[in-house]
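Novice: Here you go, upload08.tsv (TSV, C-alpha atoms):
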chain	number	residue	atom	x	y	z
A	1	MET	CA	-0.86	16.90	-23.98
A	2	LEU	CA	2.14	19.17	-24.34
A	3	TRP	CA	5.07	17.21	-25.73
A	4	GLN	CA	7.48	19.43	-23.76
A	5	LEU	CA	5.88	18.30	-20.48
A	6	ASP	CA	6.07	14.67	-21.60
A	7	LEU	CA	9.75	15.12	-22.44
A	8	VAL	CA	10.59	16.72	-19.09
A	9	ILE	CA	8.81	13.99	-17.12
A	10	LEU	CA	10.33	11.16	-19.19
A	11	THR	CA	13.80	12.68	-18.71
A	12	LEU	CA	13.21	12.87	-14.96
A	13	VAL	CA	11.99	9.23	-14.93
A	14	VAL	CA	15.21	8.04	-16.59
A	15	ALA	CA	17.38	10.33	-14.42
A	16	THR	CA	15.81	9.23	-11.12
A	17	ALA	CA	15.91	5.55	-12.17
A	18	ILE	CA	19.64	5.70	-12.99
A	19	GLY	CA	20.30	7.76	-9.84
A	20	ALA	CA	18.43	5.31	-7.60
A	21	VAL	CA	20.54	2.40	-8.87
A	22	ALA	CA	23.88	4.23	-9.00
A	23	ILE	CA	23.84	6.12	-5.70
A	24	LYS	CA	25.84	4.67	-2.77
A	25	ASP	CA	23.64	6.07	-0.01
A	26	LEU	CA	20.68	3.69	0.46
A	27	LEU	CA	18.49	6.33	2.10
A	28	GLY	CA	19.02	8.59	-0.91
A	29	SER	CA	18.22	5.63	-3.15
A	30	ALA	CA	14.91	5.11	-1.32
A	31	ILE	CA	13.99	8.78	-1.74
A	32	LEU	CA	14.94	8.66	-5.44
A	33	PHE	CA	12.69	5.60	-5.86
A	34	GLY	CA	9.89	7.68	-4.37
A	35	ALA	CA	10.59	10.49	-6.83
A	36	TYR	CA	10.69	7.93	-9.68
A	37	SER	CA	7.29	6.55	-8.63
A	38	PHE	CA	5.84	10.03	-8.50
A	39	MET	CA	7.10	10.80	-12.01
A	40	MET	CA	5.59	7.52	-13.25
A	41	CYS	CA	2.34	8.53	-11.54
A	42	LEU	CA	2.36	11.81	-13.48
A	43	LEU	CA	2.96	9.85	-16.71
A	44	TRP	CA	-0.01	7.54	-16.01
A	45	ALA	CA	-2.19	10.57	-15.29
A	46	ILE	CA	-1.10	12.25	-18.53
A	47	MET	CA	-1.97	9.08	-20.48
A	48	GLY	CA	-5.44	9.05	-18.92
A	49	ALA	CA	-5.01	6.01	-16.65
A	50	VAL	CA	-6.17	7.80	-13.51
A	51	ASP	CA	-6.77	4.63	-11.46
A	52	VAL	CA	-3.25	3.38	-12.13
A	53	ALA	CA	-1.86	6.84	-11.32
A	54	PHE	CA	-3.73	6.81	-8.03
A	55	THR	CA	-2.35	3.38	-7.14
A	56	GLU	CA	1.17	4.40	-8.14
A	57	ALA	CA	0.98	7.57	-6.03
A	58	SER	CA	-0.29	5.79	-2.93
A	59	VAL	CA	1.73	2.56	-3.14
A	60	GLY	CA	4.86	3.53	-5.07
A	61	ALA	CA	5.50	7.05	-3.86
A	62	GLY	CA	3.91	6.65	-0.43
A	63	VAL	CA	4.03	3.33	1.33
A	64	SER	CA	6.94	1.60	-0.42
A	65	THR	CA	9.21	4.58	0.35
A	66	VAL	CA	8.27	4.23	4.02
A	67	PHE	CA	9.09	0.50	3.86
A	68	PHE	CA	12.49	1.23	2.30
A	69	VAL	CA	13.28	3.89	4.91
A	70	ALA	CA	12.25	1.51	7.71
A	71	ALA	CA	14.45	-1.23	6.26
A	72	VAL	CA	17.41	1.17	5.91
A	73	PHE	CA	16.84	2.35	9.50
A	74	ARG	CA	17.07	-1.25	10.72
A	75	THR	CA	20.02	-2.33	8.55
A	76	THR	CA	22.79	-0.15	7.12
A	77	ARG	CA	22.89	3.06	5.15
A	78	ARG	CA	25.91	2.27	2.97
A	79	THR	CA	26.02	-0.40	0.28
A	80	LYS	CA	28.94	-2.78	0.01
A	81	ASP	CA	29.25	-2.54	-3.80
B	1	MET	CA	31.47	-10.04	-12.96
B	2	LYS	CA	30.26	-6.46	-12.79
B	3	PHE	CA	31.33	-5.92	-16.41
B	4	LEU	CA	29.41	-9.04	-17.47
B	5	GLY	CA	26.33	-7.75	-15.64
B	6	ILE	CA	26.47	-4.42	-17.44
B	7	ILE	CA	26.74	-6.17	-20.82
B	8	VAL	CA	23.69	-8.36	-20.06
B	9	VAL	CA	21.68	-5.33	-18.90
B	10	VAL	CA	22.60	-3.29	-21.99
B	11	ILE	CA	21.73	-6.16	-24.40
B	12	THR	CA	18.39	-6.84	-22.65
B	13	GLY	CA	17.55	-3.15	-22.61
B	14	ALA	CA	18.41	-2.77	-26.29
B	15	LEU	CA	16.18	-5.77	-27.16
B	16	LEU	CA	13.31	-4.29	-25.13
B	17	VAL	CA	13.64	-0.90	-26.82
B	18	TYR	CA	13.87	-2.63	-30.23
B	19	THR	CA	10.66	-4.63	-29.67
B	20	THR	CA	8.83	-1.51	-28.48
B	21	GLY	CA	8.77	-0.46	-32.12
B	22	ASP	CA	6.36	-3.34	-32.89
B	23	PHE	CA	3.77	-2.11	-30.38
B	24	PRO	CA	0.61	-0.51	-31.74
B	25	SER	CA	0.78	3.25	-31.34
B	26	TRP	CA	-0.73	4.76	-28.21
B	27	SER	CA	-4.58	4.95	-28.16
B	28	ASP	CA	-4.78	3.16	-31.53
B	29	PRO	CA	-8.42	2.02	-31.96
B	30	ALA	CA	-7.38	-0.78	-34.34
B	31	SER	CA	-4.92	-2.42	-31.92
B	32	PRO	CA	-5.79	-5.99	-30.78
B	33	ALA	CA	-6.34	-4.84	-27.18
B	34	SER	CA	-8.94	-2.29	-28.27
B	35	THR	CA	-10.84	-4.58	-30.66
B	36	HIS	CA	-11.26	-7.76	-28.60
B	37	VAL	CA	-13.03	-7.28	-25.23
B	38	SER	CA	-12.61	-3.57	-24.53
B	39	PRO	CA	-15.60	-2.53	-26.69
B	40	HIS	CA	-17.80	-4.91	-24.69
B	41	TYR	CA	-16.69	-3.33	-21.38
B	42	ILE	CA	-17.14	0.20	-22.71
B	43	GLU	CA	-20.53	-0.34	-24.38
B	44	LYS	CA	-22.22	-2.82	-22.00
B	45	GLY	CA	-20.35	-2.27	-18.70
B	46	MET	CA	-22.77	0.36	-17.41
B	47	HIS	CA	-25.82	-1.77	-18.26
B	48	GLU	CA	-24.39	-4.96	-16.78
B	49	THR	CA	-22.86	-3.67	-13.53
B	50	ALA	CA	-24.32	-0.17	-12.92
B	51	ALA	CA	-20.77	1.06	-12.20
B	52	PRO	CA	-19.89	4.18	-14.22
B	53	ASN	CA	-16.16	3.70	-13.59
B	54	ILE	CA	-15.27	1.00	-16.13
B	55	VAL	CA	-11.94	0.26	-14.42
B	56	THR	CA	-13.70	-0.70	-11.19
B	57	ALA	CA	-16.22	-2.84	-13.07
B	58	VAL	CA	-13.44	-4.69	-14.92
B	59	LEU	CA	-11.23	-5.15	-11.84
B	60	ALA	CA	-13.87	-6.30	-9.38
B	61	ASP	CA	-16.43	-7.97	-11.63
B	62	TYR	CA	-15.29	-9.07	-15.09
B	63	ARG	CA	-11.84	-10.00	-13.85
B	64	GLY	CA	-12.74	-10.76	-10.27
B	65	PHE	CA	-10.39	-13.77	-10.16
B	66	ASP	CA	-7.39	-11.53	-10.90
B	67	THR	CA	-8.22	-9.20	-8.03
B	68	LEU	CA	-8.99	-12.11	-5.68
B	69	PHE	CA	-5.54	-13.55	-6.19
B	70	GLU	CA	-3.90	-10.11	-6.03
B	71	THR	CA	-5.47	-9.71	-2.60
B	72	THR	CA	-4.17	-13.16	-1.70
B	73	VAL	CA	-0.68	-12.10	-2.80
B	74	VAL	CA	-0.84	-9.06	-0.48
B	75	PHE	CA	-2.06	-11.32	2.33
B	76	CYS	CA	0.82	-13.74	1.66
B	77	ALA	CA	3.31	-10.83	1.76
B	78	GLY	CA	2.05	-9.89	5.22
B	79	VAL	CA	2.17	-13.48	6.49
B	80	VAL	CA	5.67	-14.04	5.07
B	81	CYS	CA	7.01	-10.84	6.70
B	82	PHE	CA	5.51	-12.01	9.98
B	83	PHE	CA	7.05	-15.48	9.81
B	84	LEU	CA	10.45	-14.22	8.67
B	85	LEU	CA	10.90	-11.29	11.04
B	86	ARG	CA	8.75	-11.72	14.14
B	87	ILE	CA	10.71	-12.60	17.28
B	88	PRO	CA	8.31	-13.63	20.03
B	89	GLY	CA	9.03	-13.03	23.68
B	90	ARG	CA	10.35	-10.12	25.68
B	91	SER	CA	12.09	-7.05	24.36
B	92	PRO	CA	15.79	-7.67	23.64
B	93	PHE	CA	16.73	-4.25	25.00
B	94	THR	CA	18.43	-4.43	28.37
B	95	GLU	CA	17.49	-0.88	29.31
B	96	CYS	CA	14.67	1.52	28.51
B	97	GLN	CA	14.58	5.30	28.34
B	98	TYR	CA	11.85	7.39	29.89
B	99	ARG	CA	11.14	11.09	29.52
B	100	HIS	CA	9.68	13.13	32.35
B	101	LYS	CA	6.70	14.81	30.71
B	102	ALA	CA	6.87	18.12	32.59
B	103	THR	CA	10.59	18.82	32.48
B	104	GLY	CA	11.79	16.79	29.48
B	105	ILE	CA	14.53	15.12	31.51
B	106	THR	CA	15.44	11.66	30.20
B	107	VAL	CA	16.20	8.77	32.52
B	108	ARG	CA	17.58	5.34	31.73
B	109	VAL	CA	16.25	2.31	33.57
B	110	LYS	CA	17.67	-1.21	33.53
B	111	HIS	CA	15.08	-3.93	33.11
B	112	ASP	CA	15.86	-5.58	36.45
B	113	ARG	CA	15.44	-2.30	38.36
B	114	LYS	CA	12.09	-0.86	39.28
B	115	MET	CA	11.34	2.83	38.88
B	116	SER	CA	10.26	4.37	42.14
B	117	GLY	CA	7.50	6.95	42.36
B	118	SER	CA	4.59	7.63	40.09
B	119	PHE	CA	4.98	6.11	36.64
B	120	GLY	CA	2.33	8.28	34.98
B	121	GLU	CA	4.60	11.31	34.88
B	122	PHE	CA	7.06	9.47	32.61
B	123	GLU	CA	6.64	8.36	29.02
B	124	ARG	CA	8.64	5.61	27.37
B	125	ILE	CA	10.85	6.78	24.46
B	126	ASP	CA	12.91	4.88	21.88
B	127	THR	CA	16.64	4.59	22.48
B	128	LEU	CA	17.78	5.13	18.91
B	129	TRP	CA	15.51	7.78	17.47
B	130	THR	CA	13.93	10.11	19.96
B	131	PRO	CA	12.94	13.49	18.61
B	132	HIS	CA	10.15	15.03	20.63
B	133	ASP	CA	8.34	17.50	18.40
B	134	LEU	CA	5.02	18.82	19.63
B	135	ILE	CA	4.21	20.49	16.30
B	136	ILE	CA	4.63	17.31	14.24
B	137	GLN	CA	2.70	15.20	16.74
B	138	THR	CA	-0.21	17.62	16.95
B	139	ALA	CA	-0.36	18.22	13.20
B	140	CYS	CA	-0.39	14.48	12.46
B	141	ARG	CA	-2.98	13.83	15.14
B	142	ILE	CA	-5.30	16.41	13.55
B	143	LEU	CA	-4.56	15.21	10.01
B	144	ILE	CA	-5.05	11.45	10.53
B	145	PRO	CA	-8.89	11.46	10.93
B	146	PHE	CA	-9.24	13.37	7.67
B	147	ILE	CA	-6.89	10.97	5.87
B	148	GLN	CA	-8.97	8.05	7.12
B	149	LEU	CA	-12.20	9.76	6.10
B	150	PHE	CA	-10.76	10.30	2.62
B	151	ALA	CA	-9.76	6.62	2.50
B	152	LEU	CA	-13.32	5.55	3.31
B	153	TYR	CA	-14.56	7.90	0.58
B	154	VAL	CA	-12.12	6.36	-1.91
B	155	ILE	CA	-13.36	2.85	-1.06
B	156	ALA	CA	-17.05	3.72	-1.10
B	157	HIS	CA	-16.91	5.98	-4.16
B	158	GLY	CA	-14.86	3.60	-6.30
B	159	HIS	CA	-17.87	2.99	-8.56
B	160	HIS	CA	-17.99	6.58	-9.71
B	161	SER	CA	-14.50	8.03	-9.42
B	162	PRO	CA	-10.92	6.74	-9.58
B	163	GLY	CA	-10.08	4.61	-6.60
B	164	GLY	CA	-11.42	1.51	-4.96
B	165	GLY	CA	-10.54	-1.00	-2.32
B	166	PHE	CA	-6.83	-1.21	-3.04
B	167	GLN	CA	-6.10	2.52	-3.02
B	168	GLY	CA	-8.42	3.18	-0.08
B	169	GLY	CA	-6.82	0.36	1.89
B	170	VAL	CA	-3.35	1.73	1.19
B	171	ILE	CA	-4.39	5.20	2.40
B	172	LEU	CA	-5.97	3.70	5.56
B	173	GLY	CA	-2.79	1.76	6.26
B	174	ALA	CA	-0.66	4.84	5.55
B	175	SER	CA	-2.64	6.84	8.14
B	176	ILE	CA	-1.77	4.30	10.85
B	177	ILE	CA	1.86	4.24	9.67
B	178	LEU	CA	1.86	8.06	9.91
B	179	LEU	CA	0.75	7.70	13.53
B	180	ALA	CA	3.62	5.26	14.15
B	181	ILE	CA	6.14	7.63	12.55
B	182	SER	CA	4.94	10.85	14.19
B	183	HIS	CA	4.55	9.33	17.69
B	184	ASP	CA	6.13	5.91	18.05
B	185	LEU	CA	5.33	2.32	17.14
B	186	ARG	CA	3.87	1.50	20.55
B	187	THR	CA	1.24	4.26	20.20
B	188	ALA	CA	0.13	2.82	16.86
B	189	LEU	CA	0.11	-0.73	18.26
B	190	ASP	CA	-2.07	0.44	21.16
B	191	ARG	CA	-4.63	1.63	18.63
B	192	LEU	CA	-4.45	-1.42	16.35
B	193	GLY	CA	-2.69	-4.38	17.89
B	194	GLU	CA	-0.81	-7.26	16.36
B	195	LYS	CA	-3.77	-9.63	16.61
B	196	ALA	CA	-5.92	-7.07	14.78
B	197	HIS	CA	-3.41	-6.98	11.90
B	198	ALA	CA	-3.59	-10.75	11.42
B	199	ILE	CA	-7.35	-11.03	11.89
B	200	LEU	CA	-8.26	-8.07	9.64
B	201	CYS	CA	-5.88	-9.30	6.93
B	202	SER	CA	-7.50	-12.74	6.91
B	203	VAL	CA	-11.03	-11.33	7.20
B	204	GLY	CA	-10.45	-9.16	4.12
B	205	VAL	CA	-9.51	-12.15	1.95
B	206	LEU	CA	-12.34	-14.14	3.54
B	207	VAL	CA	-14.90	-11.45	2.67
B	208	TYR	CA	-13.77	-11.53	-0.96
B	209	ALA	CA	-13.66	-15.31	-1.31
B	210	GLY	CA	-16.81	-15.66	0.81
B	211	THR	CA	-18.76	-13.41	-1.56
B	212	GLY	CA	-17.74	-15.73	-4.38
B	213	ALA	CA	-18.68	-18.77	-2.32
B	214	VAL	CA	-22.11	-17.31	-1.49
B	215	CYS	CA	-22.73	-16.83	-5.21
B	216	MET	CA	-21.79	-20.48	-5.76
B	217	VAL	CA	-24.10	-21.67	-2.97
B	218	LEU	CA	-26.97	-19.80	-4.62
B	219	GLY	CA	-26.41	-21.79	-7.80
B	220	PHE	CA	-24.40	-19.32	-9.89
B	221	ASN	CA	-20.75	-19.23	-10.92
B	222	PHE	CA	-18.00	-18.27	-8.44
B	223	LEU	CA	-17.92	-14.44	-8.07
B	224	ASP	CA	-21.04	-13.99	-10.25
B	225	TYR	CA	-22.57	-11.21	-8.13
B	226	GLY	CA	-25.90	-11.42	-9.97
B	227	ALA	CA	-26.71	-14.22	-7.52
B	228	LEU	CA	-26.81	-11.73	-4.63
B	229	ALA	CA	-30.06	-10.30	-6.05
B	230	ARG	CA	-31.98	-12.98	-4.15
B	231	ILE	CA	-30.42	-11.95	-0.80
B	232	LEU	CA	-30.38	-8.18	-1.27
B	233	HIS	CA	-33.85	-8.01	-2.92
B	234	VAL	CA	-32.69	-5.84	-5.83
B	235	ASP	CA	-32.47	-6.49	-9.55
B	236	PRO	CA	-29.40	-8.45	-10.77
B	237	VAL	CA	-27.65	-5.38	-12.23
B	238	MET	CA	-27.85	-3.48	-8.93
B	239	ALA	CA	-26.79	-6.67	-7.14
B	240	ARG	CA	-23.59	-6.73	-9.20
B	241	SER	CA	-22.94	-3.12	-8.19
B	242	HIS	CA	-23.41	-4.00	-4.51
B	243	GLY	CA	-21.28	-7.11	-4.94
B	244	ILE	CA	-18.44	-4.93	-6.25
B	245	LEU	CA	-18.73	-2.74	-3.14
B	246	VAL	CA	-18.60	-5.74	-0.77
B	247	VAL	CA	-15.55	-7.09	-2.56
B	248	GLU	CA	-13.85	-3.67	-2.47
B	249	VAL	CA	-14.36	-3.48	1.30
B	250	GLY	CA	-12.70	-6.89	1.61
B	251	VAL	CA	-9.74	-5.78	-0.52
B	252	GLY	CA	-9.43	-2.57	1.52
B	253	LEU	CA	-9.36	-4.44	4.84
B	254	ALA	CA	-6.78	-6.96	3.63
B	255	VAL	CA	-4.47	-4.35	2.10
B	256	MET	CA	-4.68	-2.00	5.11
B	257	ALA	CA	-3.88	-4.73	7.63
B	258	ALA	CA	-1.12	-6.23	5.49
B	259	LEU	CA	0.67	-2.88	5.10
B	260	ILE	CA	0.59	-2.10	8.83
B	261	TRP	CA	1.66	-5.68	9.58
B	262	ILE	CA	4.67	-5.46	7.24
B	263	TYR	CA	5.62	-2.02	8.54
B	264	SER	CA	5.53	-3.00	12.21
B	265	ASN	CA	7.63	-6.10	11.56
B	266	VAL	CA	10.21	-4.34	9.38
B	267	SER	CA	10.61	-1.17	11.43
B	268	SER	CA	10.85	-2.91	14.82
B	269	ARG	CA	13.05	-5.82	13.65
B	270	GLY	CA	10.26	-8.14	14.66
B	271	ASN	CA	10.13	-7.42	18.40
B	272	TYR	CA	7.21	-4.97	18.26
B	273	ASP	CA	8.78	-2.75	20.88
B	274	GLU	CA	10.97	0.04	19.57
B	275	GLY	CA	10.21	1.01	15.99
B	276	LEU	CA	10.88	3.87	13.65
In C-alpha cells, what does this structure look like?

Specialist:
Amino acid sequence: MLWQLDLVILTLVVATAIGAVAIKDLLGSAILFGAYSFMMCLLWAIMGAVDVAFTEASVGAGVSTVFFVAAVFRTTRRTKD
Amino acid sequence: MKFLGIIVVVITGALLVYTTGDFPSWSDPASPASTHVSPHYIEKGMHETAAPNIVTAVLADYRGFDTLFETTVVFCAGVVCFFLLRIPGRSPFTECQYRHKATGITVRVKHDRKMSGSFGEFERIDTLWTPHDLIIQTACRILIPFIQLFALYVIAHGHHSPGGGFQGGVILGASIILLAISHDLRTALDRLGEKAHAILCSVGVLVYAGTGAVCMVLGFNFLDYGALARILHVDPVMARSHGILVVEVGVGLAVMAALIWIYSNVSSRGNYDEGL
C-alpha cells in the first residue's frame, strides 16, 4: 500500500483523537469520534483485516455515534472542564 | 490535578510507544502469533468447517466460547441500560403537541383535557425536536428495507465474505434506529415494541447457548457443531458449517435487539415516549 496514504490516515487518526478529547462542545466530540472510527476502519482495511474494518465501520462510526448524540441530546452540550 | 493527569498520560503513552518497538514487524511469518495456531486455521479450516472465510470459522467455531461470552456482554449492556434508565409508568410530560396533518398547524393539549373532534387528523409530535421533513421521511422509508435486506445478506453470507452475525445485527439495529431518527421514537416502537427488544435479546443468547447445549446432549463437547450431523442428516464437516450459521443468527438477533433497546432507553430518558 502507498505509504503516503498510510501517513495521511495515521495523521488524521491522531488529529481526530486529540480533537475529540480537547474540544469543549460534546456534540462536536461525538462527531469527531465518528470520524476517528472511520479512519481506524480505513486503517484496518488497508492492513487486510476486512472483517474488523466492517465491524469498526458499523459499530464505531455508525451506532456508537448515534448513542453519543442521543446522550448529548438528553444531557448537556457543554462540558464542565 | 489536571497537571498530574497529563504527566501520567504522557508517561503511559511513552511507555506504550517504547514497547511497540519489541513487537514483531507487521505480517512477519516468523512471529509467535503466525507460527502457533494460525497455520492450522489456514491449512485445515476449510476442510474442518467448510467455511471459506477463515475469520468466521475462527470466531464462531474454533473460538466459539469467546463469541458466546461477547454476545452475553452485549446482552448485559442492554439489560443494564434498561435497569438504569427505564422509568415505568405514564409519560412525565404534562402537555403534548399535535400537528394537524392537512394544514401543519400545531396545537398543545394538557393531559387532563380531552381533544374534541376527530383524532385521526392530528399526529403527535415531540415537544423538543420537531422538524417535519417529508423528503427525509420518504427517503428513509424507501431506504430501510434495502438496509435490512443487506443486513440479512451479511448474516447469511458470513461464511464466504466479510461479515457475520455481529455486523449484520448491528446493521439491522441501525435500520430501526434510522426509522426512529427520521420519524420519531413512537413510530419505531410501534414496529418493534419494548417487549420484543427484551425477548429477542434473550432469544439470541439462548439460540447460541442452546446450540452448544444440544451438542452436549448428543454426547459431544459444548459448541462442537459436528454433533449436529445426526440431527441435520449431513456429514460432520457440513454440520459444522450449518452450526456456524445457526450461531450467527443468534448473535445477530441479540446484537440487533440490544442496540435498539439501548437506543430507546438513552434517547427517551427511559420513559419510551418522546425520543430523539

Novice: Give me, as a VMD selection string, all polymer residues having an atom no more than 9 Å from Val205 (chain B), counting only C-alpha atoms and skipping those fewer than 4 positions away in the same chain.

Specialist: chain B and resid 68 71 to 72 75 200 to 201 209 to 210 250 to 251 253 to 254

Novice: Could you name the residues that touch Gly62 (chain A) at 9 Å or less, counting all atoms listed in the file, but leaving out those on the same chain fewer than 5 positions away, as a list in words?

Specialist: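 Near neighbours after the sequence-gap exclusion: Gly34, Ser37, Phe38, Glu56 and Ala57 of chain A; Val170, Ile171 and Ala174 of chain B.
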
Novice: Can I get the residues of chain B within 10 Å of chain A, each with the closest pair of atoms and their distance in Å to one decimal, using only C-alpha atoms, sorted chain first then ascending number, as a Markdown table?

Specialist:
| residue | atom | partner | partner_atom | distance |
| --- | --- | --- | --- | --- |
| B:Lys2 | CA | A:Asp81 | CA | 9.9 |
| B:Trp26 | CA | A:Met47 | CA | 8.9 |
| B:Ser27 | CA | A:Met47 | CA | 9.1 |
| B:Asn53 | CA | A:Asp51 | CA | 9.7 |
| B:Val55 | CA | A:Asp51 | CA | 7.4 |
| B:Thr56 | CA | A:Asp51 | CA | 8.7 |
| B:Leu128 | CA | A:Phe73 | CA | 9.9 |
| B:Trp129 | CA | A:Phe73 | CA | 9.7 |
| B:Gly158 | CA | A:Asp51 | CA | 9.7 |
| B:Ser161 | CA | A:Asp51 | CA | 8.7 |
| B:Pro162 | CA | A:Asp51 | CA | 5.0 |
| B:Gly163 | CA | A:Asp51 | CA | 5.9 |
| B:Gly164 | CA | A:Asp51 | CA | 8.6 |
| B:Phe166 | CA | A:Thr55 | CA | 7.6 |
| B:Gln167 | CA | A:Thr55 | CA | 5.6 |
| B:Gly168 | CA | A:Ser58 | CA | 9.0 |
| B:Gly169 | CA | A:Ser58 | CA | 9.8 |
| B:Val170 | CA | A:Ser58 | CA | 6.5 |
| B:Ile171 | CA | A:Ser58 | CA | 6.8 |
| B:Gly173 | CA | A:Val63 | CA | 8.6 |
| B:Ala174 | CA | A:Val63 | CA | 6.5 |
| B:Ile177 | CA | A:Val66 | CA | 8.5 |
| B:Leu178 | CA | A:Val66 | CA | 9.5 |
| B:Ile181 | CA | A:Val66 | CA | 9.4 |
| B:Leu259 | CA | A:Val63 | CA | 8.0 |
| B:Ile260 | CA | A:Val63 | CA | 9.9 |
| B:Ile262 | CA | A:Phe67 | CA | 8.2 |
| B:Tyr263 | CA | A:Phe67 | CA | 6.3 |
| B:Ser264 | CA | A:Ala70 | CA | 9.3 |
| B:Asn265 | CA | A:Ala70 | CA | 9.7 |
| B:Val266 | CA | A:Ala71 | CA | 6.1 |
| B:Ser267 | CA | A:Ala70 | CA | 4.9 |
| B:Ser268 | CA | A:Arg74 | CA | 7.6 |
| B:Arg269 | CA | A:Arg74 | CA | 6.8 |
| B:Gly275 | CA | A:Ala70 | CA | 8.5 |
| B:Leu276 | CA | A:Ala70 | CA | 6.5 |

Novice: Go through B:Gly89, B:Gly193, B:Gly270, B:Gly64 and flag the residue nearest Tyr208 (chain B), using all atoms listed in the file for the distances.

Specialist: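 Distance minimum relative to Tyr208 (chain B) lands on B:Gly64.
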
Novice: Calculated over only C-alpha atoms, which of the candidates B:Ala258, B:Ile244, B:Val73, B:Ile144 has the smallest distance to Val58 (chain B)?

Specialist: B:Ile244

Novice: For the atom pair CA of Met1 (chain B) and CA of Ala20 (chain A), what is the interatomic distance in Å to one decimal place?

Specialist: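 The value is 20.8 Å.
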
Novice: Got a sec: who's within 8 Å of Asp224 (chain B), counting only C-alpha atoms, leaving out chain neighbours fewer than 6 positions off, as a ChimeraX atom specification?

Specialist: /B:61,212,215-216,240

Novice: Give me, please, the distance in Å between CA of Arg230 (chain B) and CA of Val214 (chain B), quoted to one decimal.

Specialist: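 Distance reported for this atom pair: 11.1 Å.
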
Novice: Between CA of Asp273 (chain B) and CA of Leu185 (chain B), measure the distance and give it in Å to one decimal.

Specialist: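 One can read the CA of Asp273 (chain B) to CA of Leu185 (chain B) distance as 7.2 Å.
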
Novice: Restricting the calculation to all atoms listed in the file, which member of A:Thr65, A:Cys41, A:Gly48, A:Phe33 is positioned closest to Ala15 (chain A)?

Specialist: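 The closest residue to Ala15 (chain A) is A:Phe33.
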
Novice: Step by step: start from the point (4.5, 11.4, -15.1) in the file's coordinates, keep every protein, DNA or RNA residue that has an atom no farther than 10 Å from it, count only C-alpha atoms, and write the set as a ChimeraX atom specification.

Specialist: /A:5-10,12-13,36-47,53

Novice: Nearest to Ile18 (chain A) among A:Leu32, A:Gly60, A:Trp3, A:Lys80, with distances taken over all atoms listed in the file: which residue is it?

Specialist: A:Leu32

Novice: How would you write as a list of chain:residue names the residues that get within 7 Å of (21.4, 0.9, 4.1) in the file's frame, counting only C-alpha atoms?

Specialist: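 Here is the list of nearby residues: A:Asp25, A:Leu26, A:Leu27, A:Val72, A:Thr75, A:Thr76, A:Arg77, A:Arg78, A:Thr79.
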
Novice: Take the residues from that selection and write them out as a PDB file, in the coordinates of the input, keeping C-alpha atoms.

Specialist:
ATOM      1  CA  ASP A  25      23.640   6.070  -0.010  1.00  0.00           C
ATOM      2  CA  LEU A  26      20.680   3.690   0.460  1.00  0.00           C
ATOM      3  CA  LEU A  27      18.490   6.330   2.100  1.00  0.00           C
ATOM      4  CA  VAL A  72      17.410   1.170   5.910  1.00  0.00           C
ATOM      5  CA  THR A  75      20.020  -2.330   8.550  1.00  0.00           C
ATOM      6  CA  THR A  76      22.790  -0.150   7.120  1.00  0.00           C
ATOM      7  CA  ARG A  77      22.890   3.060   5.150  1.00  0.00           C
ATOM      8  CA  ARG A  78      25.910   2.270   2.970  1.00  0.00           C
ATOM      9  CA  THR A  79      26.020  -0.400   0.280  1.00  0.00           C
TER      10      THR A  79
END

Novice: Produce region 66-79 of chain A of the given structure as output with C-alpha atoms, as a PDB file, in the first residue's frame.

Specialist:
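So the final result, stored in out_23.pdb, reads:
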ATOM      1  CA  VAL A  66     -25.823   7.752  17.348  1.00  0.00           C
ATOM      2  CA  PHE A  67     -25.628   6.693  21.017  1.00  0.00           C
ATOM      3  CA  PHE A  68     -23.346   9.632  21.823  1.00  0.00           C
ATOM      4  CA  VAL A  69     -25.631  12.083  20.017  1.00  0.00           C
ATOM      5  CA  ALA A  70     -28.673  10.673  21.837  1.00  0.00           C
ATOM      6  CA  ALA A  71     -26.880  11.001  25.182  1.00  0.00           C
ATOM      7  CA  VAL A  72     -25.824  14.591  24.388  1.00  0.00           C
ATOM      8  CA  PHE A  73     -29.407  15.388  23.338  1.00  0.00           C
ATOM      9  CA  ARG A  74     -30.679  14.164  26.712  1.00  0.00           C
ATOM     10  CA  THR A  75     -27.962  15.762  28.872  1.00  0.00           C
ATOM     11  CA  THR A  76     -25.897  18.857  28.122  1.00  0.00           C
ATOM     12  CA  ARG A  77     -23.844  20.026  25.194  1.00  0.00           C
ATOM     13  CA  ARG A  78     -21.092  21.823  27.129  1.00  0.00           C
ATOM     14  CA  THR A  79     -18.539  20.116  29.358  1.00  0.00           C
TER      15      THR A  79
END
